[in-house]
Structure formats: C-alpha cells, structure tokens
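Next up, data-v1.pdb (PDB, C-alpha atoms and all ligand atoms):
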ATOM      1  CA  MET M   1     104.908 103.491 123.389
ATOM      2  CA  ASN M   2     104.006 105.713 120.477
ATOM      3  CA  ARG M   3     103.074 109.059 121.944
ATOM      4  CA  LYS M   4     105.406 111.026 124.127
ATOM      5  CA  TYR M   5     103.370 111.594 127.266
ATOM      6  CA  VAL M   6     103.726 114.032 130.105
ATOM      7  CA  ILE M   7     103.438 112.062 133.340
ATOM      8  CA  ALA M   8     102.975 113.966 136.591
ATOM      9  CA  ILE M   9     103.812 112.383 139.929
ATOM     10  CA  ASP M  10     103.093 114.376 143.070
ATOM     11  CA  GLY M  11     103.134 113.576 146.741
ATOM     12  CA  PRO M  12     104.771 114.363 150.070
ATOM     13  CA  GLY M  13     108.457 113.873 150.864
ATOM     14  CA  ALA M  14     109.742 110.277 151.009
ATOM     15  CA  SER M  15     106.478 108.869 149.641
ATOM     16  CA  GLY M  16     108.436 106.889 147.066
ATOM     17  CA  LYS M  17     107.655 109.174 144.144
ATOM     18  CA  SER M  18     111.226 109.894 143.063
ATOM     19  CA  THR M  19     112.342 106.264 143.150
ATOM     20  CA  THR M  20     109.260 105.203 141.225
ATOM     21  CA  ALA M  21     109.537 108.066 138.734
ATOM     22  CA  LYS M  22     113.187 107.244 138.057
ATOM     23  CA  LEU M  23     112.445 103.567 137.404
ATOM     24  CA  LEU M  24     109.443 104.405 135.230
ATOM     25  CA  ALA M  25     111.529 106.821 133.184
ATOM     26  CA  LYS M  26     114.026 104.021 132.557
ATOM     27  CA  LYS M  27     111.272 101.590 131.503
ATOM     28  CA  LEU M  28     109.649 104.138 129.205
ATOM     29  CA  LYS M  29     112.903 105.716 128.015
ATOM     30  CA  TYR M  30     111.621 109.089 129.166
ATOM     31  CA  ILE M  31     113.414 112.014 130.769
ATOM     32  CA  TYR M  32     113.032 112.186 134.542
ATOM     33  CA  ILE M  33     112.724 115.585 136.192
ATOM     34  CA  ASP M  34     112.918 115.941 139.945
ATOM     35  CA  THR M  35     111.450 119.403 140.509
ATOM     36  CA  GLY M  36     112.235 119.243 144.226
ATOM     37  CA  ALA M  37     115.912 119.351 143.249
ATOM     38  CA  MET M  38     115.304 122.743 141.620
ATOM     39  CA  TYR M  39     113.836 124.216 144.812
ATOM     40  CA  ARG M  40     116.693 122.642 146.736
ATOM     41  CA  ALA M  41     119.203 124.319 144.384
ATOM     42  CA  CYS M  42     117.479 127.690 144.966
ATOM     43  CA  GLY M  43     117.681 127.098 148.708
ATOM     44  CA  LEU M  44     121.394 126.342 148.460
ATOM     45  CA  ARG M  45     121.991 129.459 146.367
ATOM     46  CA  SER M  46     120.217 131.638 148.940
ATOM     47  CA  LEU M  47     122.386 130.124 151.667
ATOM     48  CA  GLU M  48     125.590 130.664 149.711
ATOM     49  CA  MET M  49     124.634 134.265 148.980
ATOM     50  CA  ASN M  50     123.393 134.784 152.533
ATOM     51  CA  ILE M  51     120.007 136.051 151.338
ATOM     52  CA  ASP M  52     117.299 136.941 153.816
ATOM     53  CA  LEU M  53     114.203 135.346 152.267
ATOM     54  CA  ASN M  54     112.109 138.334 153.391
ATOM     55  CA  ASN M  55     114.250 140.700 151.340
ATOM     56  CA  ARG M  56     112.432 140.395 148.022
ATOM     57  CA  LYS M  57     114.765 142.780 146.179
ATOM     58  CA  LYS M  58     117.826 140.714 147.010
ATOM     59  CA  LEU M  59     115.941 137.530 146.275
ATOM     60  CA  LYS M  60     114.957 138.801 142.850
ATOM     61  CA  ASN M  61     118.535 139.754 142.120
ATOM     62  CA  MET M  62     119.638 136.307 143.239
ATOM     63  CA  LEU M  63     117.092 134.605 140.939
ATOM     64  CA  ASP M  64     118.188 136.758 138.018
ATOM     65  CA  HIS M  65     121.684 135.415 138.536
ATOM     66  CA  THR M  66     120.818 131.801 139.185
ATOM     67  CA  GLU M  67     121.099 129.173 136.498
ATOM     68  CA  ILE M  68     119.913 125.649 137.142
ATOM     69  CA  GLN M  69     120.747 122.946 134.624
ATOM     70  CA  ILE M  70     119.988 119.265 134.620
ATOM     71  CA  LYS M  71     122.436 116.837 133.071
ATOM     72  CA  TYR M  72     120.431 113.785 132.115
ATOM     73  CA  SER M  73     121.799 110.318 132.606
ATOM     74  CA  GLN M  74     120.276 106.871 133.146
ATOM     75  CA  ALA M  75     122.617 106.473 136.095
ATOM     76  CA  GLY M  76     121.050 109.537 137.750
ATOM     77  CA  ASN M  77     120.627 113.162 136.740
ATOM     78  CA  LYS M  78     123.099 115.742 137.893
ATOM     79  CA  ILE M  79     121.979 119.145 139.132
ATOM     80  CA  ILE M  80     124.231 121.974 138.081
ATOM     81  CA  LEU M  81     123.902 125.301 139.862
ATOM     82  CA  ASN M  82     125.729 128.139 138.119
ATOM     83  CA  GLY M  83     128.167 125.666 136.618
ATOM     84  CA  LYS M  84     128.791 123.681 139.816
ATOM     85  CA  ASP M  85     127.619 120.120 140.452
ATOM     86  CA  VAL M  86     125.458 120.309 143.603
ATOM     87  CA  THR M  87     123.742 116.915 143.256
ATOM     88  CA  SER M  88     124.878 115.607 146.660
ATOM     89  CA  ARG M  89     125.011 118.887 148.543
ATOM     90  CA  ILE M  90     121.313 119.661 147.974
ATOM     91  CA  ARG M  91     120.320 116.405 149.732
ATOM     92  CA  GLU M  92     121.779 117.541 153.064
ATOM     93  CA  SER M  93     119.336 118.307 155.845
ATOM     94  CA  ASP M  94     119.981 122.070 156.098
ATOM     95  CA  ILE M  95     118.921 122.386 152.450
ATOM     96  CA  THR M  96     115.871 120.142 152.882
ATOM     97  CA  LYS M  97     114.216 122.575 155.287
ATOM     98  CA  LEU M  98     115.364 125.654 153.384
ATOM     99  CA  SER M  99     113.954 124.296 150.112
ATOM    100  CA  SER M 100     110.513 124.019 151.675
ATOM    101  CA  LYS M 101     110.789 127.618 152.961
ATOM    102  CA  ILE M 102     111.960 129.103 149.673
ATOM    103  CA  ALA M 103     109.300 127.140 147.748
ATOM    104  CA  ARG M 104     106.591 129.244 149.429
ATOM    105  CA  ILE M 105     107.734 132.369 147.585
ATOM    106  CA  GLU M 106     105.833 133.289 144.438
ATOM    107  CA  MET M 107     108.720 134.719 142.382
ATOM    108  CA  VAL M 108     110.757 131.585 143.060
ATOM    109  CA  ARG M 109     107.896 129.346 141.927
ATOM    110  CA  THR M 110     107.269 131.449 138.822
ATOM    111  CA  LYS M 111     110.847 130.956 137.670
ATOM    112  CA  MET M 112     110.917 127.233 138.465
ATOM    113  CA  VAL M 113     107.546 126.534 136.812
ATOM    114  CA  GLU M 114     108.670 128.312 133.652
ATOM    115  CA  LEU M 115     111.765 126.128 133.524
ATOM    116  CA  GLN M 116     109.746 122.964 134.184
ATOM    117  CA  ARG M 117     107.198 123.750 131.471
ATOM    118  CA  ASP M 118     109.958 124.408 129.004
ATOM    119  CA  ILE M 119     111.647 121.084 129.755
ATOM    120  CA  GLY M 120     108.357 119.181 129.484
ATOM    121  CA  LYS M 121     106.857 120.941 126.481
ATOM    122  CA  ASN M 122     107.677 118.173 123.980
ATOM    123  CA  GLY M 123     106.497 115.328 126.210
ATOM    124  CA  GLY M 124     108.383 112.128 126.932
ATOM    125  CA  VAL M 125     108.855 113.324 130.463
ATOM    126  CA  ILE M 126     108.104 112.140 133.975
ATOM    127  CA  MET M 127     108.115 114.996 136.419
ATOM    128  CA  ASP M 128     107.779 114.649 140.161
ATOM    129  CA  GLY M 129     107.034 117.306 142.737
ATOM    130  CA  ARG M 130     104.141 118.813 144.659
ATOM    131  CA  ASP M 131     102.209 120.830 142.056
ATOM    132  CA  ILE M 132     102.944 119.128 138.740
ATOM    133  CA  GLY M 133      99.419 117.786 138.174
ATOM    134  CA  THR M 134      97.708 120.873 139.609
ATOM    135  CA  VAL M 135      99.773 123.808 138.301
ATOM    136  CA  VAL M 136     102.767 122.953 136.115
ATOM    137  CA  PHE M 137     101.017 120.519 133.770
ATOM    138  CA  PRO M 138      97.282 120.549 134.578
ATOM    139  CA  ASP M 139      96.720 118.798 131.214
ATOM    140  CA  ALA M 140      99.277 116.049 131.835
ATOM    141  CA  ASP M 141      98.399 112.752 130.133
ATOM    142  CA  PHE M 142      98.741 110.826 133.389
ATOM    143  CA  LYS M 143      98.676 112.081 136.946
ATOM    144  CA  PHE M 144      99.532 110.149 140.063
ATOM    145  CA  PHE M 145      99.462 111.223 143.690
ATOM    146  CA  ILE M 146     101.676 109.036 145.823
ATOM    147  CA  ILE M 147     101.278 108.751 149.565
ATOM    148  CA  ALA M 148     102.521 106.612 152.461
ATOM    149  CA  ASP M 149     102.079 106.933 156.213
ATOM    150  CA  VAL M 150     104.686 109.055 157.981
ATOM    151  CA  LYS M 151     106.273 106.150 159.906
ATOM    152  CA  THR M 152     106.941 104.238 156.681
ATOM    153  CA  ARG M 153     108.348 107.363 155.040
ATOM    154  CA  ALA M 154     110.621 108.093 158.013
ATOM    155  CA  LEU M 155     111.909 104.516 157.960
ATOM    156  CA  ARG M 156     112.706 104.800 154.238
ATOM    157  CA  ARG M 157     114.679 108.020 154.779
ATOM    158  CA  TRP M 158     116.450 106.515 157.782
ATOM    159  CA  LYS M 159     117.577 103.522 155.706
ATOM    160  CA  GLU M 160     118.762 105.803 152.882
ATOM    161  CA  ALA M 161     120.775 107.869 155.366
ATOM    162  CA  LYS M 162     122.213 104.741 156.966
ATOM    163  CA  GLU M 163     123.407 103.519 153.563
ATOM    164  CA  LYS M 164     125.261 106.804 153.175
ATOM    165  CA  GLY M 165     126.901 106.277 156.567
ATOM    166  CA  GLU M 166     124.720 108.818 158.422
ATOM    167  CA  ASP M 167     122.983 107.867 161.634
ATOM    168  CA  ILE M 168     120.046 110.248 162.126
ATOM    169  CA  PRO M 169     117.521 109.423 164.863
ATOM    170  CA  ILE M 170     114.325 108.219 163.193
ATOM    171  CA  LYS M 171     112.260 110.491 165.476
ATOM    172  CA  ASP M 172     114.087 113.536 164.029
ATOM    173  CA  ILE M 173     113.356 112.395 160.479
ATOM    174  CA  GLU M 174     109.704 111.897 161.357
ATOM    175  CA  LYS M 175     109.489 115.369 162.920
ATOM    176  CA  GLU M 176     111.082 116.956 159.851
ATOM    177  CA  LEU M 177     108.672 115.145 157.503
ATOM    178  CA  ILE M 178     105.655 116.265 159.531
ATOM    179  CA  TRP M 179     106.929 119.869 159.521
ATOM    180  CA  ARG M 180     107.484 119.773 155.756
ATOM    181  CA  ASP M 181     104.107 118.140 155.039
ATOM    182  CA  ARG M 182     102.449 121.033 156.852
ATOM    183  CA  ASN M 183     104.615 123.734 155.301
ATOM    184  CA  ASP M 184     104.140 122.373 151.770
ATOM    185  CA  SER M 185     100.400 121.695 152.148
ATOM    186  CA  LEU M 186      99.327 124.863 153.926
ATOM    187  CA  ARG M 187     101.119 127.429 151.763
ATOM    188  CA  GLU M 188      98.988 129.788 149.708
ATOM    189  CA  ILE M 189     100.657 129.290 146.329
ATOM    190  CA  SER M 190     100.551 125.888 144.634
ATOM    191  CA  PRO M 191     100.237 123.816 147.805
ATOM    192  CA  LEU M 192     100.855 120.092 147.887
ATOM    193  CA  LYS M 193      97.455 118.766 146.853
ATOM    194  CA  GLN M 194      96.044 115.867 144.886
ATOM    195  CA  ALA M 195      94.666 117.002 141.513
ATOM    196  CA  ASP M 196      91.003 116.032 141.081
ATOM    197  CA  ASP M 197      91.904 113.758 138.186
ATOM    198  CA  ALA M 198      95.030 112.213 139.730
ATOM    199  CA  ILE M 199      95.159 108.532 140.623
ATOM    200  CA  LEU M 200      95.938 107.990 144.304
ATOM    201  CA  VAL M 201      98.608 105.381 145.010
ATOM    202  CA  ASP M 202      99.300 104.393 148.622
ATOM    203  CA  THR M 203     102.777 102.853 148.660
ATOM    204  CA  GLY M 204     102.742 102.086 152.405
ATOM    205  CA  ASN M 205     102.546  98.342 151.816
ATOM    206  CA  MET M 206     104.181  98.175 148.401
ATOM    207  CA  THR M 207     107.729  97.414 147.410
ATOM    208  CA  ILE M 208     109.428  99.751 144.942
ATOM    209  CA  GLU M 209     108.996  97.156 142.236
ATOM    210  CA  GLU M 210     105.276  96.770 143.004
ATOM    211  CA  GLN M 211     104.574 100.491 142.912
ATOM    212  CA  THR M 212     106.526 100.948 139.679
ATOM    213  CA  ASN M 213     104.738  98.066 137.951
ATOM    214  CA  TYR M 214     101.369  99.249 139.274
ATOM    215  CA  ILE M 215     101.814 102.682 137.678
ATOM    216  CA  PHE M 216     103.407 101.267 134.548
ATOM    217  CA  ASP M 217     100.370  99.001 134.000
ATOM    218  CA  ILE M 218      97.985 101.943 134.365
ATOM    219  CA  ILE M 219      99.927 103.887 131.712
ATOM    220  CA  LYS M 220      99.966 100.866 129.395
ATOM    221  CA  ARG M 221      96.226 100.302 129.859
ATOM    222  CA  GLY M 222      95.546 104.000 129.298
ATOM    223  CA  GLU M 223      97.542 103.949 126.131
ATOM    224  CA  ASN M 224      95.621 100.997 124.781
ATOM    225  CA  ALA M 225      92.210 102.316 125.848
TER     226      ALA M 225
HETATM  227  O1  LIG M 301     110.795 116.560 146.588
HETATM  228  P1  LIG M 301     111.782 117.212 147.580
HETATM  229  O2  LIG M 301     111.630 116.690 148.975
HETATM  230  O3  LIG M 301     113.180 117.146 147.106
HETATM  231  O4  LIG M 301     111.368 118.773 147.596
HETATM  232  C1  LIG M 301     112.023 119.723 148.404
HETATM  233  C2  LIG M 301     111.054 120.863 148.719
HETATM  234  O5  LIG M 301     110.759 121.579 147.530
HETATM  235  C3  LIG M 301     109.712 120.418 149.277
HETATM  236  O6  LIG M 301     109.676 120.438 150.683
HETATM  237  C4  LIG M 301     108.733 121.396 148.702
HETATM  238  C5  LIG M 301     109.391 121.988 147.497
HETATM  239  N1  LIG M 301     108.778 121.569 146.234
HETATM  240  C6  LIG M 301     107.715 122.314 145.789
HETATM  241  O7  LIG M 301     107.251 123.206 146.489
HETATM  242  N2  LIG M 301     107.176 122.055 144.567
HETATM  243  C7  LIG M 301     107.647 121.063 143.808
HETATM  244  N3  LIG M 301     107.104 120.847 142.609
HETATM  245  C8  LIG M 301     108.715 120.264 144.277
HETATM  246  C9  LIG M 301     109.247 120.538 145.511
END

Represent the structure contained in this file as structure tokens.
Ligand code: DC
Amino acid sequence: MNRKYVIAIDGPGASGKSTTAKLLAKKLKYIYIDTGAMYRACGLRSLEMNIDLNNRKKLKNMLDHTEIQIKYSQAGNKIILNGKDVTSRIRESDITKLSSKIARIEMVRTKMVELQRDIGKNGGVIMDGRDIGTVVFPDADFKFFIIADVKTRALRRWKEAKEKGEDIPIKDIEKELIWRDRNDSLREISPLKQADDAILVDTGNMTIEEQTNYIFDIIKRGENA
C-alpha cells in the first residue's frame, strides 16, 4: 500500500470495531488508535481525583494535569496515564460507564480530539471511536460504521468477560450496552452517528475474520480505483 491513509472506524460498544481495527492495522502495518481508551483514561483520572463532573473548574484543572500516552505494540497498545500503565484497569465496568459520562463534556472532547488529530496527522493510522468519521477526521480516506444487534454484542462481551474469569449476567451487559448506546447517541456534542459518506458494515452474522477481510478488500479496491 503506497499512501498512508487515515481510516476511521466508528460504531457502538462491542460492535466488533476494535477487534477488526486491530487486525486491519496488523495487515496494513498501520498504527491502531482506540480513542475509547482515551475517554476511559479520563474517566479513571476523574475517579482517582474524586472530581465531580459538574465542577467544571476542577475538571479543567484535572485535564491540565492529565497526560495520556499510547505505547504502540503489535501485541496490543498500552495506555499510560500520567506515567502509570492503566491498560487493564480502564476495561473494568465502573470505568465503562464513567467514560461515557465524561465523554459528554465539551472540554474533555476538545482535549482528546486535539490529541487524536495530532497522532493521525501523518496518516498510516486506523482510529476507532464514535466521532472519528464525523468530527476528528471528516476527510478520512476511508470511513466505516460498524453495527451489530444488541444481543450479539452482549454475547461477545459476555464471552470476553468469561475468558478473563468474570461471570457477569448477560442481561446486565445488555442493559449497560443499551444505556451507553443512548448516552453516546443522544449527547449534544459529537454524538455517535454514521457519517454520510461512511460504509455501513453489519457484523451481526460475520466472524471476525470475515469482517476484517470485508473491510480490507474495500480498502484495497479503493486504492486501486
Ligand atoms: O469504545 P469504548 O467502549 O471503549 O468507549 C468508551 C466510551 O468513550 C464510550 O461509551 C463513549 C466514549 N467515546 C466517545 O465519546 N468518543 C470516541 N471517539 C470514543 C469513545
């Protein structure tokens, strides 16, 4: 692949976007950026500093003293929050809900979007999130919007949790996904939304391999067009 593209992958939680994006990045030898991890890190920081999200002054001070770094690796990126590896911690369920709450706040988004644009400015990047194709990189070379029905998504999360030794009732996972879908889609700033020029991919009946190859073929065809 000659040019270094910016590839945007958006969609709701557990739609398969991160798994696909990671595999695509490997195939293309691109950098993979999980922007959800950045909002999760902000959520964790607010918890550690005991910040009331309605207290904008304290929140601003927190953001001014928050540094998020990504250590790239083919084996999986590491998220470093103020020098500390928080890669596993930010996946825990208390942070999942908090990340969706903190992501509604404009000053938080402004800081994260700035960081994301800086990382992606030279291309060769696959970024996944909610607003990559609409706000962060509206001129991305390729945009995909990945969806799957909520039952399939809940089952995927349940299996992931099970593999980590956690037994969470599937109904609870489903409820949390529905809550987050609403919270992320109905917010005023940069809501979860398919960009007009994004390609819709329903992964409900696809394996990970199928969805990765499907997107990979579209990029290859686009490149040769
Ligand atoms: O992709 P994820 O589930 O790790 O994201 C966690 C939360 O972060 C999600 O509920 C909404 C928010 N988010 C966002 O608002 N914008 C993004 N680009 C990525 C995530």

Legend entry - Contacts of Ser99 of chain M within 8 Å, all atoms listed in the file, excl. fewer than 2 positions in-chain, as a VMD selection string: chain M and resid 36 39 to 44 95 to 97 101 to 103

Inset, instruction - Kindly provide, as a VMD selection string, all nucleotide and amino acid residues lying within 8 Å of ligand LIG 301 (chain M), counting only C-alpha atoms and all ligand atoms. - result: chain M and resid 10 12 to 14 18 34 to 40 91 96 to 104 109 128 to 132 180 to 181 183 to 184 190 to 192

Legend entry - Residue nearest Ile199 of chain M among M:Tyr30, M:Phe142, M:Phe216, M:Tyr5 (counting all atoms listed in the file):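 For Ile199 of chain M, the nearest of the given residues is M:Phe142.
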
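Closest to Ile80 of chain M among M:Met49, M:Ile218, M:Ala161, M:Ile68 is M:Ile68, based on all atoms listed in the file.
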
Legend entry - Residue neighbourhood Ile70 of chain M, 9 Å, all atoms listed in the file, exclusion window fewer than 2 positions, as a list of chain:residue names: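 Surrounding residues, per the criterion: M:Ile33, M:Ile68, M:Tyr72, M:Asn77, M:Lys78, M:Ile79, M:Ile80, M:Leu81.
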
Legend entry - Ground truth for the PyMOL selection byres (((chain M and resi 126) around 12) and not hetatm), written as a PyMOL selection string: chain M and resi 4-10+17-35+116-117+119-125+127-129+132-133+137+140-144+215-216+219

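Atom CA of Leu177 of chain M lies 22.9 Å from atom CA of Thr212 of chain M.
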
Legend entry - Among the residues M:Arg3, M:Ile146, M:Lys171, M:Gly16, the one that comes closest to Ile208 of chain M [using only C-alpha atoms]: M:Gly16

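Computed from the coordinates, the atom CA of Thr207 of chain M to atom CA of Arg153 of chain M distance equals 12.6 Å.
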
Legend entry - Separation of atom CA of Leu53 of chain M from atom CA of Lys71 of chain M in Å: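 Pair atom CA of Lys71 of chain M / atom CA of Leu53 of chain M returns 27.9 Å.
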
Legend entry - Chain and number of each residue from the PyMOL selection byres (((chain M and resi 196) around 12) and not hetatm), as a list in words: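 Selected by the PyMOL selection byres (((chain M and resi 196) around 12) and not hetatm) here: Gly133, Thr134, Pro138, Asp139, Lys143, Phe144, Phe145, Lys193, Gln194, Ala195, Asp197, Ala198, Ile199 and Leu200 of chain M.
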
Would you place a box with edges along x, y and z of the file around all atoms of segment 153-158 of chain M listed there, add 8 Å to each of its six sides, and report the centre and edge lengths in Å to one decimal, as JSON?
{"center_x": 112.4, "center_y": 106.3, "center_z": 156.1, "size_x": 24.1, "size_y": 19.6, "size_z": 19.8}

Inset, instruction - Please evaluate the PyMOL selection byres (((chain M and resi 149) around 9) and not hetatm) against the structure above and give the resulting residues as a PyMOL selection string. - result: chain M and resi 15+147-148+150-154+202-204

Inset, instruction - Counting all atoms listed in the file, figure out which residue out of M:Ile168, M:Val108, M:Ile90, M:Ala75 gets nearest to Lys60 of chain M. - result: M:Val108
